[in-house]
$ cat start-v1.cif   # mmCIF, C-alpha atoms; chains and numbers go by the auth columns
data_target
#
loop_
_atom_site.group_PDB
_atom_site.id
_atom_site.type_symbol
_atom_site.label_atom_id
_atom_site.label_comp_id
_atom_site.label_asym_id
_atom_site.label_seq_id
_atom_site.Cartn_x
_atom_site.Cartn_y
_atom_site.Cartn_z
_atom_site.B_iso_or_equiv
_atom_site.auth_seq_id
_atom_site.auth_asym_id
ATOM 1 C CA ASP A 1 0.000 0.000 0.000 0.00 56 A
ATOM 2 C CA MET A 2 1.002 3.650 0.073 0.00 57 A
ATOM 3 C CA MET A 3 2.616 3.298 3.517 0.00 58 A
ATOM 4 C CA GLY A 4 4.947 0.475 2.426 0.00 59 A
ATOM 5 C CA LYS A 5 3.131 -2.167 4.439 0.00 60 A
ATOM 6 C CA CYS A 6 0.920 -5.034 3.356 0.00 61 A
ATOM 7 C CA ASP A 7 -2.554 -6.142 4.372 0.00 62 A
ATOM 8 C CA GLY A 8 -1.832 -9.726 3.417 0.00 63 A
ATOM 9 C CA PHE A 9 -3.974 -12.816 3.156 0.00 64 A
ATOM 10 C CA VAL A 10 -3.654 -16.248 1.549 0.00 65 A
ATOM 11 C CA GLN A 11 -6.147 -17.458 -1.028 0.00 66 A
ATOM 12 C CA VAL A 12 -6.489 -21.137 -1.951 0.00 67 A
ATOM 13 C CA CYS A 13 -8.126 -22.248 -5.205 0.00 68 A
ATOM 14 C CA PHE A 14 -8.865 -25.805 -6.280 0.00 69 A
ATOM 15 C CA GLY A 15 -11.130 -27.486 -8.785 0.00 70 A
ATOM 16 C CA GLY A 16 -12.984 -24.400 -9.969 0.00 71 A
ATOM 17 C CA LYS A 17 -14.680 -23.883 -6.606 0.00 72 A
ATOM 18 C CA ALA A 18 -14.933 -20.512 -4.869 0.00 73 A
ATOM 19 C CA PRO A 19 -11.564 -19.589 -3.338 0.00 74 A
ATOM 20 C CA MET A 20 -10.970 -20.005 0.378 0.00 75 A
ATOM 21 C CA LYS A 21 -9.186 -17.205 2.240 0.00 76 A
ATOM 22 C CA THR A 22 -7.330 -16.688 5.491 0.00 77 A
ATOM 23 C CA GLN A 23 -7.813 -13.676 7.691 0.00 78 A
ATOM 24 C CA VAL A 24 -6.182 -10.437 6.550 0.00 79 A
ATOM 25 C CA LYS A 25 -3.039 -9.549 8.523 0.00 80 A
ATOM 26 C CA ARG A 26 -3.032 -5.763 8.445 0.00 81 A
ATOM 27 C CA ASN A 27 -0.145 -3.348 8.097 0.00 82 A
ATOM 28 C CA THR A 28 2.796 -5.784 8.192 0.00 83 A
ATOM 29 C CA LEU A 29 5.581 -7.127 5.983 0.00 84 A
ATOM 30 C CA THR A 30 5.956 -10.260 8.140 0.00 85 A
ATOM 31 C CA PRO A 31 2.495 -11.836 8.424 0.00 86 A
ATOM 32 C CA ILE A 32 1.999 -15.169 10.146 0.00 87 A
ATOM 33 C CA TRP A 33 -1.091 -17.197 9.336 0.00 88 A
ATOM 34 C CA ASN A 34 -1.520 -19.960 11.845 0.00 89 A
ATOM 35 C CA GLU A 35 -4.781 -21.062 10.290 0.00 90 A
ATOM 36 C CA GLU A 36 -6.222 -24.233 8.875 0.00 91 A
ATOM 37 C CA LEU A 37 -8.323 -24.181 5.728 0.00 92 A
ATOM 38 C CA ARG A 38 -10.296 -27.300 4.866 0.00 93 A
ATOM 39 C CA LEU A 39 -11.006 -27.861 1.189 0.00 94 A
ATOM 40 C CA PRO A 40 -14.047 -30.020 0.469 0.00 95 A
ATOM 41 C CA VAL A 41 -12.767 -32.473 -2.153 0.00 96 A
ATOM 42 C CA PHE A 42 -14.601 -35.420 -3.637 0.00 97 A
ATOM 43 C CA THR A 43 -12.502 -38.151 -5.219 0.00 98 A
ATOM 44 C CA PRO A 44 -11.796 -38.959 -7.880 0.00 99 A
ATOM 45 C CA THR A 45 -11.211 -35.357 -8.901 0.00 100 A
ATOM 46 C CA MET A 46 -10.610 -34.010 -12.391 0.00 101 A
ATOM 47 C CA SER A 47 -8.266 -31.313 -11.100 0.00 102 A
ATOM 48 C CA ASP A 48 -4.719 -31.927 -9.882 0.00 103 A
ATOM 49 C CA ARG A 49 -3.580 -28.374 -9.164 0.00 104 A
ATOM 50 C CA ILE A 50 -3.993 -26.435 -5.924 0.00 105 A
ATOM 51 C CA GLU A 51 -3.137 -22.741 -6.131 0.00 106 A
ATOM 52 C CA PHE A 52 -1.952 -20.816 -3.082 0.00 107 A
ATOM 53 C CA SER A 53 -1.609 -17.077 -3.617 0.00 108 A
ATOM 54 C CA VAL A 54 -0.583 -14.353 -1.222 0.00 109 A
ATOM 55 C CA ARG A 55 -2.430 -11.117 -1.845 0.00 110 A
ATOM 56 C CA ASP A 56 -2.497 -7.577 -0.508 0.00 111 A
ATOM 57 C CA TRP A 57 -6.047 -6.667 0.479 0.00 112 A
ATOM 58 C CA ASP A 58 -7.283 -3.334 -0.842 0.00 113 A
ATOM 59 C CA ARG A 59 -10.306 -1.475 0.474 0.00 114 A
ATOM 60 C CA ALA A 60 -10.984 0.018 -2.965 0.00 115 A
ATOM 61 C CA GLY A 61 -10.345 -1.839 -6.194 0.00 116 A
ATOM 62 C CA SER A 62 -8.980 -5.336 -6.593 0.00 117 A
ATOM 63 C CA ASP A 63 -6.519 -7.030 -4.270 0.00 118 A
ATOM 64 C CA ASP A 64 -2.875 -7.039 -5.419 0.00 119 A
ATOM 65 C CA LEU A 65 -1.155 -10.337 -6.176 0.00 120 A
ATOM 66 C CA ILE A 66 2.117 -10.743 -4.264 0.00 121 A
ATOM 67 C CA SER A 67 3.054 -14.343 -5.051 0.00 122 A
ATOM 68 C CA THR A 68 1.657 -17.697 -6.131 0.00 123 A
ATOM 69 C CA VAL A 69 2.711 -21.305 -5.640 0.00 124 A
ATOM 70 C CA PHE A 70 1.097 -24.455 -7.051 0.00 125 A
ATOM 71 C CA PHE A 71 0.969 -27.977 -5.622 0.00 126 A
ATOM 72 C CA ARG A 72 -0.213 -31.186 -7.208 0.00 127 A
ATOM 73 C CA TRP A 73 -3.251 -32.610 -5.418 0.00 128 A
ATOM 74 C CA SER A 74 -2.007 -36.148 -6.015 0.00 129 A
ATOM 75 C CA SER A 75 1.281 -35.429 -4.212 0.00 130 A
ATOM 76 C CA VAL A 76 -0.544 -33.848 -1.273 0.00 131 A
ATOM 77 C CA VAL A 77 -2.736 -36.932 -0.897 0.00 132 A
ATOM 78 C CA MET A 78 -0.018 -39.535 -1.528 0.00 133 A
ATOM 79 C CA ASP A 79 2.751 -37.981 0.600 0.00 134 A
ATOM 80 C CA ASP A 80 2.739 -37.456 4.340 0.00 135 A
ATOM 81 C CA TRP A 81 1.847 -33.792 3.929 0.00 136 A
ATOM 82 C CA GLY A 82 1.463 -31.529 6.933 0.00 137 A
ATOM 83 C CA PRO A 83 2.332 -28.093 8.223 0.00 138 A
ATOM 84 C CA GLY A 84 5.444 -26.614 6.692 0.00 139 A
ATOM 85 C CA TRP A 85 7.158 -23.645 5.085 0.00 140 A
ATOM 86 C CA VAL A 86 7.068 -22.655 1.436 0.00 141 A
ATOM 87 C CA THR A 87 9.342 -19.966 0.013 0.00 142 A
ATOM 88 C CA LEU A 88 7.568 -17.645 -2.390 0.00 143 A
ATOM 89 C CA TYR A 89 9.413 -15.538 -4.937 0.00 144 A
ATOM 90 C CA GLY A 90 7.271 -12.782 -6.371 0.00 145 A
ATOM 91 C CA PRO A 91 4.338 -12.940 -8.729 0.00 146 A
ATOM 92 C CA PRO A 92 4.163 -15.145 -11.811 0.00 147 A
ATOM 93 C CA PRO A 93 5.835 -13.931 -15.020 0.00 148 A
ATOM 94 C CA GLY A 94 4.023 -11.073 -16.713 0.00 149 A
ATOM 95 C CA VAL A 95 2.534 -9.654 -13.510 0.00 150 A
ATOM 96 C CA GLU A 96 3.817 -6.200 -12.592 0.00 151 A
ATOM 97 C CA LEU A 97 4.698 -5.544 -8.955 0.00 152 A
ATOM 98 C CA LEU A 98 3.015 -2.469 -7.483 0.00 153 A
ATOM 99 C CA GLY A 99 4.391 0.200 -5.173 0.00 154 A
ATOM 100 C CA ASN A 100 7.783 -0.425 -3.627 0.00 155 A
ATOM 101 C CA ALA A 101 7.438 -4.234 -3.628 0.00 156 A
ATOM 102 C CA LYS A 102 10.006 -4.606 -6.424 0.00 157 A
ATOM 103 C CA SER A 103 12.559 -2.572 -4.458 0.00 158 A
ATOM 104 C CA LEU A 104 11.898 -4.513 -1.240 0.00 159 A
ATOM 105 C CA MET A 105 12.392 -7.826 -3.057 0.00 160 A
ATOM 106 C CA ALA A 106 15.685 -6.583 -4.545 0.00 161 A
ATOM 107 C CA GLN A 107 16.885 -5.650 -1.037 0.00 162 A
ATOM 108 C CA GLY A 108 15.995 -9.104 0.329 0.00 163 A
ATOM 109 C CA LYS A 109 13.394 -7.599 2.671 0.00 164 A
ATOM 110 C CA MET A 110 10.504 -9.324 0.954 0.00 165 A
ATOM 111 C CA GLU A 111 10.081 -12.612 -0.884 0.00 166 A
#
$ encode --input "start-v1.cif" --output "structure tokens"
Amino acid sequence: DMMGKCDGFVQVCFGGKAPMKTQVKRNTLTPIWNEELRLPVFTPTMSDRIEFSVRDWDRAGSDDLISTVFFRWSSVVMDDWGPGWVTLYGPPPGVELLGNAKSLMAQGKME
């Protein structure tokens, strides 16, 4: 945002259903989401891609994309998958970073 901070939240999309979202962590560059989201999935499923995106909530207009990571549903189900860390490196190719996010990433202050 204009103050150099983020009102971040995580959005999870799978199988064309409405996205699930965490709570918004306001005015921080180091958010921690200690939340559990439960995706209702019926097997077999035609989709094999789960999308996790970190976004900056905006009061007016659309939320800004910060970063996205994809996981294969089959690997989540087949492996012993639990809580963990995932390093995110900016938005997907072709998406322009807004504000000073590009500068913060270059300085190693934001991933």
$ resolve_selection --input "start-v1.cif" --expression "the PyMOL selection byres ((chain A and resi 98) around 12)" --output "count of residues only"
12
$ closest_residue --input "start-v1.cif" --among "A:Met133, A:Val141, A:Cys68, A:Thr77" --to "Ile105 (chain A)" --atoms "all atoms listed in the file"
A:Cys68
$ resolve_selection --input "start-v1.cif" --expression "the PyMOL selection byres ((chain A and resi 78-86) around 7)" --output "list of chain:residue names"
A:Lys60, A:Cys61, A:Asp62, A:Gly63, A:Phe64, A:Lys76, A:Thr77, A:Ile87, A:Trp88
$ atom_distance --input "start-v1.cif" --atom1 "CA of Pro138 (chain A)" --atom2 "CA of Pro74 (chain A)"
20.0 Å
$ axis_aligned_box --input "start-v1.cif" --around "region 114-120 of chain A" --padding-each-side "8 Å" --output "lines of an AutoDock Vina configuration file"
center_x = -6.1
center_y = -5.2
center_z = -3.1
size_x = 25.8
size_y = 26.4
size_z = 23.1
$ atom_distance --input "start-v1.cif" --atom1 "CA of Asp113 (chain A)" --atom2 "CA of Gly139 (chain A)"
27.6 Å
$ atom_distance --input "start-v1.cif" --atom1 "CA of Phe126 (chain A)" --atom2 "CA of Glu91 (chain A)"
16.6 Å
$ resolve_selection --input "start-v1.cif" --expression "the PyMOL selection byres ((chain A and resi 118) around 12)" --output "PDB file with C-alpha atoms, keeping the file's coordinate frame"
ATOM      1  CA  ASP A  56       0.000   0.000   0.000  1.00  0.00           C
ATOM      2  CA  CYS A  61       0.920  -5.034   3.356  1.00  0.00           C
ATOM      3  CA  ASP A  62      -2.554  -6.142   4.372  1.00  0.00           C
ATOM      4  CA  GLY A  63      -1.832  -9.726   3.417  1.00  0.00           C
ATOM      5  CA  PHE A  64      -3.974 -12.816   3.156  1.00  0.00           C
ATOM      6  CA  VAL A  65      -3.654 -16.248   1.549  1.00  0.00           C
ATOM      7  CA  GLN A  66      -6.147 -17.458  -1.028  1.00  0.00           C
ATOM      8  CA  VAL A  79      -6.182 -10.437   6.550  1.00  0.00           C
ATOM      9  CA  SER A 108      -1.609 -17.077  -3.617  1.00  0.00           C
ATOM     10  CA  VAL A 109      -0.583 -14.353  -1.222  1.00  0.00           C
ATOM     11  CA  ARG A 110      -2.430 -11.117  -1.845  1.00  0.00           C
ATOM     12  CA  ASP A 111      -2.497  -7.577  -0.508  1.00  0.00           C
ATOM     13  CA  TRP A 112      -6.047  -6.667   0.479  1.00  0.00           C
ATOM     14  CA  ASP A 113      -7.283  -3.334  -0.842  1.00  0.00           C
ATOM     15  CA  ARG A 114     -10.306  -1.475   0.474  1.00  0.00           C
ATOM     16  CA  ALA A 115     -10.984   0.018  -2.965  1.00  0.00           C
ATOM     17  CA  GLY A 116     -10.345  -1.839  -6.194  1.00  0.00           C
ATOM     18  CA  SER A 117      -8.980  -5.336  -6.593  1.00  0.00           C
ATOM     19  CA  ASP A 119      -2.875  -7.039  -5.419  1.00  0.00           C
ATOM     20  CA  LEU A 120      -1.155 -10.337  -6.176  1.00  0.00           C
ATOM     21  CA  ILE A 121       2.117 -10.743  -4.264  1.00  0.00           C
ATOM     22  CA  LEU A 153       3.015  -2.469  -7.483  1.00  0.00           C
TER      23      LEU A 153
END
